[in-house]
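Q: Quick one, data.txt (compact mmCIF, C-alpha atoms):
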```
# COMPACT_ATOMS: atom_id res chain seq x y z
CA MET A 279 17.69 -0.58 -96.52
CA LEU A 280 20.33 2.03 -97.11
CA TYR A 281 19.59 5.73 -96.83
CA ASP A 282 21.96 8.45 -97.92
CA LEU A 283 21.90 12.14 -98.73
CA ILE A 284 24.06 13.56 -101.52
CA ASP A 285 24.54 16.88 -103.27
CA GLY A 286 24.34 19.02 -100.17
CA GLY A 287 21.40 17.08 -98.75
CA HIS A 288 19.11 17.95 -101.67
CA ILE A 289 19.03 14.41 -103.09
CA ALA A 290 18.14 11.32 -101.07
CA VAL A 291 19.22 7.88 -102.25
CA ILE A 292 17.22 4.93 -100.97
CA THR A 293 18.73 1.55 -101.78
CA LEU A 294 16.73 -1.65 -101.37
CA ASN A 295 19.29 -3.95 -99.85
CA ARG A 296 18.36 -7.65 -99.79
CA PRO A 297 20.43 -8.68 -102.78
CA GLU A 298 20.55 -12.34 -101.74
CA ARG A 299 16.75 -12.45 -102.14
CA LEU A 300 16.61 -10.24 -105.25
CA ASN A 301 15.28 -7.48 -102.99
CA ALA A 302 12.07 -9.33 -102.20
CA TYR A 303 9.98 -7.07 -100.01
CA ASN A 304 9.58 -8.40 -96.48
CA THR A 305 8.52 -6.77 -93.21
CA ALA A 306 12.08 -5.60 -92.44
CA MET A 307 12.28 -3.90 -95.84
CA ARG A 308 8.82 -2.44 -95.32
CA ASP A 309 9.89 -0.90 -92.01
CA GLY A 310 13.20 0.36 -93.39
CA LEU A 311 11.57 1.86 -96.47
CA TYR A 312 8.91 3.54 -94.35
CA GLU A 313 11.58 5.03 -92.11
CA ALA A 314 13.55 6.33 -95.10
CA LEU A 315 10.51 7.78 -96.87
CA SER A 316 9.36 9.43 -93.64
CA ALA A 317 12.82 10.98 -93.28
CA VAL A 318 12.52 12.43 -96.81
CA ARG A 319 9.04 13.72 -96.02
CA ASP A 320 10.24 15.50 -92.88
CA ASP A 321 13.52 16.89 -94.26
CA PRO A 322 12.72 20.12 -96.12
CA ALA A 323 16.16 20.16 -97.78
CA VAL A 324 15.41 17.04 -99.84
CA ARG A 325 14.02 17.89 -103.27
CA ALA A 326 14.58 14.66 -105.18
CA VAL A 327 14.77 10.98 -104.26
CA ILE A 328 16.35 8.10 -106.12
CA VAL A 329 15.02 4.62 -105.32
CA ARG A 330 17.25 1.80 -106.52
CA GLY A 331 18.10 -1.80 -105.76
CA ASN A 332 21.36 -3.40 -104.68
CA GLY A 333 22.41 -6.66 -106.36
CA PRO A 334 21.05 -8.32 -109.49
CA ALA A 335 17.48 -6.97 -109.31
CA PHE A 336 15.57 -3.81 -108.50
CA CYS A 337 12.88 -5.61 -106.51
CA THR A 338 10.98 -8.85 -107.02
CA GLY A 339 7.92 -7.83 -105.02
CA GLY A 340 6.52 -9.34 -101.84
CA ASP A 341 8.56 -12.06 -100.18
CA VAL A 342 6.49 -15.17 -100.80
CA THR A 343 7.81 -16.77 -97.61
CA GLU A 344 5.73 -14.21 -95.68
CA PHE A 345 2.56 -14.69 -97.71
CA GLY A 346 -0.27 -15.89 -95.53
CA THR A 347 1.46 -14.92 -92.29
CA ALA A 348 -0.72 -11.90 -91.50
CA PRO A 349 -2.58 -12.67 -88.26
CA SER A 350 -5.94 -11.85 -89.86
CA ALA A 351 -7.43 -9.86 -92.72
CA SER A 352 -8.49 -7.06 -90.39
CA ARG A 353 -5.05 -6.91 -88.77
CA ALA A 354 -3.46 -6.82 -92.24
CA ARG A 355 -5.63 -3.83 -93.17
CA GLU A 356 -4.71 -2.12 -89.91
CA VAL A 357 -0.98 -2.70 -90.50
CA ARG A 358 -1.21 -1.26 -94.02
CA TRP A 359 -2.87 1.82 -92.56
CA LEU A 360 -0.43 2.18 -89.66
CA ARG A 361 2.62 1.80 -91.88
CA ASP A 362 1.41 3.23 -95.16
CA VAL A 363 4.58 2.86 -97.19
CA TRP A 364 2.97 3.26 -100.60
CA GLY A 365 0.81 6.22 -99.67
CA THR A 366 3.88 7.88 -98.19
CA LEU A 367 5.89 7.26 -101.37
CA TRP A 368 3.11 8.53 -103.60
CA ARG A 369 2.52 11.69 -101.56
CA LEU A 370 6.16 12.64 -100.99
CA PRO A 371 6.70 16.38 -101.46
CA ALA A 372 9.91 15.64 -103.38
CA PHE A 373 10.44 14.34 -106.93
CA THR A 374 10.84 10.56 -106.94
CA ILE A 375 12.93 8.65 -109.46
CA ALA A 376 12.99 4.87 -109.79
CA ALA A 377 16.33 3.63 -111.13
CA VAL A 378 15.42 0.14 -112.29
CA HIS A 379 17.68 -2.70 -113.32
CA GLY A 380 17.12 -6.43 -113.56
CA TYR A 381 13.75 -7.68 -112.38
CA ALA A 382 11.05 -5.23 -111.32
CA VAL A 383 8.31 -7.72 -110.64
CA GLY A 384 5.00 -7.51 -108.82
CA GLY A 385 5.32 -5.01 -106.00
CA GLY A 386 8.74 -4.02 -107.36
CA PHE A 387 7.18 -2.95 -110.66
CA GLU A 388 4.38 -1.19 -108.78
CA MET A 389 6.88 0.63 -106.57
CA ALA A 390 8.46 2.07 -109.73
CA LEU A 391 5.00 3.02 -111.01
CA LEU A 392 4.38 5.02 -107.82
CA CYS A 393 7.48 7.10 -108.51
CA ASP A 394 7.25 10.27 -110.57
CA HIS A 395 9.89 9.20 -113.07
CA CYS A 396 11.44 5.90 -114.10
CA ILE A 397 14.83 5.33 -115.69
CA ALA A 398 15.71 1.76 -116.63
CA SER A 399 18.86 -0.03 -117.59
CA ARG A 400 18.79 -2.19 -120.72
CA ASP A 401 18.56 -5.37 -118.66
CA ALA A 402 15.40 -4.30 -116.82
CA GLN A 403 12.33 -6.55 -116.99
CA PHE A 404 8.88 -5.62 -115.74
CA ALA A 405 5.94 -7.90 -114.94
CA LEU A 406 2.87 -8.27 -112.74
CA PRO A 407 2.59 -11.99 -112.01
CA GLU A 408 0.05 -11.70 -109.18
CA THR A 409 -2.96 -12.90 -111.21
CA ALA A 410 -1.30 -16.26 -111.84
CA LEU A 411 -1.07 -16.59 -108.06
CA ALA A 412 -4.79 -15.79 -107.75
CA MET A 413 -3.96 -12.40 -106.27
CA ILE A 414 -4.53 -8.77 -107.17
CA PRO A 415 -1.53 -6.44 -107.46
CA GLY A 416 -1.55 -4.80 -104.03
CA VAL A 417 0.85 -1.90 -104.38
CA GLY A 418 -1.42 0.28 -106.46
CA GLY A 419 -0.63 -1.26 -109.84
CA THR A 420 -4.26 -1.62 -110.91
CA GLN A 421 -4.61 2.16 -110.49
CA THR A 422 -1.25 3.56 -111.53
CA LEU A 423 -0.75 1.41 -114.63
CA PRO A 424 -3.98 2.38 -116.48
CA ARG A 425 -3.28 6.04 -115.72
CA LEU A 426 0.05 5.70 -117.47
CA ILE A 427 -0.73 3.44 -120.44
CA GLY A 428 -4.53 3.25 -120.67
CA TRP A 429 -7.19 0.78 -119.64
CA GLY A 430 -6.78 -1.96 -122.25
CA ARG A 431 -3.01 -2.24 -122.18
CA ALA A 432 -2.97 -2.14 -118.38
CA LEU A 433 -5.57 -4.87 -118.12
CA HIS A 434 -3.62 -6.97 -120.60
CA LEU A 435 -0.47 -6.76 -118.46
CA VAL A 436 -2.37 -7.43 -115.23
CA LEU A 437 -4.32 -10.41 -116.57
CA THR A 438 -1.55 -12.10 -118.56
CA GLY A 439 1.50 -11.29 -116.46
CA ASP A 440 3.36 -10.73 -119.75
CA ARG A 441 6.88 -9.54 -119.22
CA LEU A 442 8.11 -6.22 -120.66
CA ASP A 443 11.73 -5.57 -121.41
CA ALA A 444 13.16 -2.08 -120.99
CA GLY A 445 12.58 -1.14 -124.62
CA ALA A 446 8.93 -2.21 -124.54
CA ALA A 447 8.39 -0.36 -121.26
CA HIS A 448 9.92 2.72 -122.84
CA ARG A 449 7.70 2.49 -125.92
CA LEU A 450 4.64 2.24 -123.67
CA GLY A 451 5.69 5.34 -121.75
CA LEU A 452 6.38 3.57 -118.47
CA VAL A 453 10.07 4.36 -118.64
CA ALA A 454 11.37 7.81 -119.51
CA ARG A 455 14.80 6.69 -120.56
CA VAL A 456 16.76 3.47 -121.14
CA VAL A 457 20.50 3.49 -120.45
CA ALA A 458 23.40 1.07 -120.18
CA PRO A 459 23.55 -0.64 -116.78
CA SER A 460 26.78 1.16 -115.92
CA ARG A 461 25.10 4.54 -116.53
CA LEU A 462 21.90 3.92 -114.58
CA PHE A 463 22.75 5.70 -111.34
CA GLY A 464 24.49 8.53 -113.16
CA ALA A 465 21.42 9.13 -115.33
CA ALA A 466 19.14 9.09 -112.28
CA ARG A 467 21.45 11.45 -110.43
CA ALA A 468 21.61 13.84 -113.38
CA MET A 469 17.81 13.98 -113.50
CA ALA A 470 17.63 14.43 -109.72
CA ARG A 471 20.11 17.30 -109.94
CA ARG A 472 17.96 19.09 -112.50
CA VAL A 473 14.93 18.94 -110.22
CA ALA A 474 16.97 19.69 -107.10
CA ARG A 475 17.54 23.21 -108.42
CA ILE A 476 13.85 23.88 -107.83
CA ASP A 477 12.62 24.89 -104.38
CA ARG A 478 10.80 22.07 -102.64
CA PRO A 479 7.50 23.91 -102.11
CA LEU A 480 7.33 24.50 -105.85
CA VAL A 481 8.09 20.85 -106.57
CA GLU A 482 5.32 19.90 -104.17
CA ARG A 483 2.80 22.23 -105.80
CA LEU A 484 3.69 21.05 -109.29
CA LYS A 485 3.23 17.45 -108.19
CA ARG A 486 -0.14 18.30 -106.70
CA ALA A 487 -1.25 20.12 -109.83
CA VAL A 488 -0.38 17.17 -112.07
CA ALA A 489 -1.35 14.27 -109.81
CA ASP A 490 -4.49 15.72 -108.25
CA GLY A 491 -5.61 17.34 -111.48
CA LEU A 492 -5.47 14.03 -113.32
CA ASP A 493 -8.40 12.66 -111.33
CA ARG A 494 -10.66 15.66 -111.99
CA PRO A 495 -12.60 17.02 -114.92
CA LEU A 496 -10.52 19.49 -116.96
CA SER A 497 -12.45 22.49 -115.63
CA ASP A 498 -11.70 21.45 -112.04
CA GLY A 499 -8.08 20.77 -112.93
CA LEU A 500 -7.72 24.23 -114.42
CA ALA A 501 -9.24 25.70 -111.28
CA LEU A 502 -6.75 23.73 -109.19
CA GLU A 503 -3.90 25.10 -111.29
CA ARG A 504 -5.18 28.65 -110.82
CA ARG A 505 -5.29 28.13 -107.05
CA LEU A 506 -1.77 26.72 -106.93
CA ALA A 507 -0.16 29.19 -109.33
CA PRO A 508 -0.12 32.33 -107.12
CA ALA A 509 1.34 30.39 -104.20
CA ALA A 510 4.01 28.93 -106.46
CA GLY A 511 4.80 32.34 -107.90
CA SER A 512 5.38 33.71 -104.42
CA GLN A 513 8.24 31.28 -103.72
CA MET B 96 16.72 28.03 -76.47
CA ALA B 97 13.54 26.06 -77.26
CA ALA B 98 13.56 23.09 -79.63
CA GLN B 99 11.53 24.68 -82.41
CA LEU B 100 9.49 22.60 -84.80
CA GLY B 101 10.97 22.45 -88.30
CA LYS B 102 14.18 24.19 -87.33
CA ILE B 103 17.62 22.74 -87.98
CA TYR B 104 20.22 22.53 -85.22
CA VAL B 105 23.90 21.65 -85.34
CA SER B 106 26.27 20.14 -82.79
CA PRO B 107 29.96 20.89 -82.22
CA GLY B 108 30.87 17.65 -84.04
CA GLY B 109 28.94 18.61 -87.17
CA MET B 110 25.86 16.48 -86.52
CA GLN B 111 22.73 18.16 -87.83
CA LEU B 112 19.08 17.49 -87.00
CA ILE B 113 15.58 18.74 -87.71
CA VAL B 114 13.03 19.10 -84.93
CA THR B 115 9.91 17.13 -85.91
CA LYS B 116 8.12 17.54 -82.56
CA GLY B 117 9.06 20.71 -80.75
CA GLY B 118 9.19 21.65 -77.11
CA PRO B 119 10.10 24.53 -74.80
CA GLY B 120 13.34 23.00 -73.55
CA ALA B 121 16.86 23.11 -74.96
CA LEU B 122 18.70 20.57 -77.10
CA SER B 123 22.31 19.96 -76.23
CA ASP B 124 25.35 17.81 -76.90
CA GLY B 125 26.17 16.81 -73.36
CA SER B 126 26.17 20.20 -71.66
CA VAL B 127 26.84 22.23 -74.82
CA PRO B 128 23.65 23.76 -76.27
CA LEU B 129 23.08 23.00 -79.95
CA LEU B 130 23.00 26.01 -82.27
CA ARG B 131 20.30 26.89 -84.77
CA ALA B 132 21.79 26.35 -88.22
CA ASP B 133 20.35 29.65 -89.43
CA SER B 134 21.68 31.66 -86.47
CA GLY B 135 25.06 32.40 -87.97
CA GLU B 136 26.67 31.52 -84.64
CA LYS B 137 29.63 29.18 -84.37
CA PHE B 138 30.93 27.03 -81.58
CA PRO B 139 34.09 28.35 -79.93
CA ASP B 140 37.25 26.64 -81.15
CA GLY B 141 37.95 23.50 -79.20
CA THR B 142 34.36 22.86 -78.11
CA ALA B 143 34.23 19.17 -77.31
CA ALA B 144 31.78 16.96 -79.20
CA GLY B 145 29.99 13.95 -77.73
CA THR B 146 30.92 10.42 -78.58
CA GLN B 147 27.66 8.77 -79.58
CA ALA B 148 27.44 8.27 -83.36
CA LEU B 149 24.04 9.53 -84.48
CA GLN B 150 22.91 8.01 -87.75
CA LEU B 151 21.44 9.66 -90.82
CA GLY B 152 17.66 9.26 -91.14
CA LYS B 153 17.17 8.05 -87.56
CA ARG B 154 14.85 9.69 -85.08
CA TYR B 155 15.52 10.38 -81.44
CA LYS B 156 12.97 11.27 -78.77
CA SER B 157 12.95 12.75 -75.32
CA PRO B 158 12.26 10.25 -72.50
CA ASP B 159 8.60 11.27 -72.36
CA GLY B 160 8.27 11.22 -76.17
CA ALA B 161 7.15 14.85 -76.31
CA VAL B 162 10.09 16.04 -78.40
CA GLU B 163 11.44 14.30 -81.50
CA VAL B 164 14.22 15.05 -83.91
CA LEU B 165 15.38 13.61 -87.23
CA VAL B 166 19.10 13.39 -87.98
CA ASN B 167 19.88 14.73 -91.47
CA LYS B 168 23.64 14.86 -91.13
CA PRO B 169 25.32 12.11 -89.12
CA GLY B 170 27.98 12.82 -86.56
CA PRO B 171 29.06 12.47 -82.94
CA CYS B 172 26.72 13.92 -80.34
CA ASP B 173 25.53 13.00 -76.85
CA LEU B 174 22.07 14.29 -77.60
CA ARG B 175 20.02 15.62 -74.71
CA TYR B 176 16.78 17.48 -74.24
CA GLU B 177 16.52 19.49 -71.06
CA GLY B 178 19.60 17.67 -69.85
CA GLN B 179 18.10 14.21 -70.32
CA ALA B 180 19.52 11.78 -72.87
CA MET B 181 17.38 11.36 -75.96
CA GLU B 182 16.64 7.82 -77.08
CA LEU B 183 16.68 6.22 -80.52
CA LYS B 184 13.06 5.94 -81.62
CA GLU B 185 12.33 2.38 -82.66
CA ALA B 186 9.39 1.57 -84.90
CA LYS B 187 6.64 -0.39 -83.21
CA PRO B 188 6.94 -4.00 -84.41
CA LEU B 189 4.10 -4.87 -86.77
CA PRO B 190 3.38 -8.21 -88.44
CA SER B 191 3.27 -8.88 -92.14
CA SER B 192 0.19 -7.59 -93.93
CA ASP B 193 0.37 -10.30 -96.61
```
Have the structure of the file written as structure tokens, please.

A:
Amino acid sequence: MLYDLIDGGHIAVITLNRPERLNAYNTAMRDGLYEALSAVRDDPAVRAVIVRGNGPAFCTGGDVTEFGTAPSASRAREVRWLRDVWGTLWRLPAFTIAAVHGYAVGGGFEMALLCDHCIASRDAQFALPETALAMIPGVGGTQTLPRLIGWGRALHLVLTGDRLDAGAAHRLGLVARVVAPSRLFGAARAMARRVARIDRPLVERLKRAVADGLDRPLSDGLALERRLAPAAGSQ
Amino acid sequence: MAAQLGKIYVSPGGMQLIVTKGGPGALSDGSVPLLRADSGEKFPDGTAAGTQALQLGKRYKSPDGAVEVLVNKPGPCDLRYEGQAMELKEAKPLPSSD
């Protein structure tokens, strides 16, 4: 895992760095990612985060060589609670951008779905193959995907494992922009720079208004917006 | 000067950190007190920096764990709290959850 700060410390760049294993997510990557995300959370200067992968793929999900190695189901639940990587990513008070190239499969796809914004290179491919392995996507995909593309289309992708190329992901609204591979980081950085002009407390409140409001009836969402607006205006 | 929660401190070598668990004691680089980044103060010319390379994104803690800091600009610094060397905080090893 590589962690860097650019643009005066306002933009964090987190690079998944197991290229020889197509950035398969193992315990070392889990611990490194948790450390990096926690650093973003605790650094008030950081306003935007780019998550990207080194090598030929963004991330191919959980490392299958570690599957079944959890000491017990209860210990596995405890570990997920103690080192809540995905909850930390989702709740970050900074704008998160997934810069996806190559395979974004299983947990790798779901990691991108947990980010606020996704930019893909033309060679990106997305899939959730867990069902074929008699598993349920475990990085939030069953919850994030239907919120982005609707119940039926999400269930189709989860049940079939059908692969989406970058264009199809863009048409579905999963990807905000598709660019040439050579322009991927530059496009992500340009987007991060736009958001990095905004004070972090305002970014955090806007994220709360959108994300928390989505799970409420419209009347409650409007009330949430009214509560957040004065505080945001006082920044 | 106390290590104040949420405040940013700088060392003579340009290392910068954020206090994530505060305490009443002073942070220093060796025997040189760190400065609050928002104080407007500067180190006198020629102030010697420590030699330990502190890494971006890493956390360091006082020996009793009461005070913690997060490095947000790497640089050389022999980081101390109340005169005692601060230690790199290592994550507790946890098994796979898969």

Q: Please report as JSON lines every residue of chain A lying within 7 Å of chain B, along with the nearest atom pair and their distance in Å (one decimal), using all atoms listed in the file.

A:
```
{"residue": "A:Tyr281", "atom": "CA", "partner": "B:Gly152", "partner_atom": "CA", "distance": 7.0}
{"residue": "A:Thr305", "atom": "CA", "partner": "B:Ser191", "partner_atom": "CA", "distance": 5.8}
{"residue": "A:Ala314", "atom": "CA", "partner": "B:Gly152", "partner_atom": "CA", "distance": 6.4}
{"residue": "A:Ala317", "atom": "CA", "partner": "B:Gly152", "partner_atom": "CA", "distance": 5.6}
{"residue": "A:Glu344", "atom": "CA", "partner": "B:Asp193", "partner_atom": "CA", "distance": 6.7}
{"residue": "A:Phe345", "atom": "CA", "partner": "B:Asp193", "partner_atom": "CA", "distance": 5.0}
{"residue": "A:Gly346", "atom": "CA", "partner": "B:Asp193", "partner_atom": "CA", "distance": 5.7}
{"residue": "A:Thr347", "atom": "CA", "partner": "B:Ser191", "partner_atom": "CA", "distance": 6.3}
{"residue": "A:Ala348", "atom": "CA", "partner": "B:Ser192", "partner_atom": "CA", "distance": 5.0}
{"residue": "A:Ala354", "atom": "CA", "partner": "B:Ser192", "partner_atom": "CA", "distance": 4.1}
{"residue": "A:Arg355", "atom": "CA", "partner": "B:Ser192", "partner_atom": "CA", "distance": 7.0}
{"residue": "A:Val357", "atom": "CA", "partner": "B:Ser192", "partner_atom": "CA", "distance": 6.1}
{"residue": "A:Arg358", "atom": "CA", "partner": "B:Ser192", "partner_atom": "CA", "distance": 6.5}
```

Q: Show which residues sit within 7 Å of B:Gly117, as number ranges by chain. Count only C-alpha atoms, and ignore same-chain residues fewer than 3 positions away.

A: B: 98-100, 114, 162-163

Q: In Å, with one decimal, what is the gap from atom CA of A:Ala351 to atom CA of A:Glu408?

A: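 Taking atom CA of A:Ala351 as the start and atom CA of A:Glu408 as the end point, the length is 18.2 Å.
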
Q: Let me make sure I understand: among B:Cys172, B:Val105, B:Ala97, B:Leu183, which one has the smallest atom-to-atom distance to B:Arg131 if we use all atoms listed in the file?

A: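 Selected residue with least distance to B:Arg131: B:Val105.
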
Q: Atom CA of A:Ala323 to atom CA of A:Arg471: how many Å, to one decimal?

A: 13.1 Å

Q: Show me the residues close to (10.7, -14.3, -113.5) - anything with an atom within 9 Å, counting only C-alpha atoms - and format the list as an NGL selection string.

A: :A and (338 or 381 or 383 or 403 or 405 or 407 or 441)

Q: Which protein, DNA or RNA residues are at most 10 Å from (12.6, 16.1, -100.7) in the file's coordinates when you count all atoms listed in the file, listed as a PyMOL selection string?

A: chain A and resi 287-290+315+317-327+370-374+474+477-479+481-482

Q: At a cut-off of 7 Å, using all atoms listed in the file, what residues contact A:Pro334? Leave out same-chain residues fewer than 3 positions from it and give the result as JSON, numbers by chain.

A: {"A": [297, 300, 380]}

Q: Save out the residues we just selected, C-alpha atoms, as a PDB file, in the coordinates of the input.

A:
```pdb
ATOM      1  CA  PRO A 297      20.430  -8.680-102.780  1.00  0.00           C
ATOM      2  CA  LEU A 300      16.610 -10.240-105.250  1.00  0.00           C
ATOM      3  CA  GLY A 380      17.120  -6.430-113.560  1.00  0.00           C
TER       4      GLY A 380
END
```

Q: Please report the interatomic distance between atom CA of A:Asn332 and atom CA of A:Ala410 in Å with one decimal.

A: 27.0 Å

Q: Could you pull the residues within 6 Å of A:Asp341, counting only C-alpha atoms, minus those fewer than 3 positions along the same chain, as a VMD selection string?

A: chain A and resid 302 to 304 344

Q: Neighbouring residues of B:Gly108 were defined as those with any atom within 9 Å, considering all atoms listed in the file; residues of the same chain fewer than 6 positions away were excluded. Please report them as a ChimeraX atom specification.

A: /B:142-145,170-172
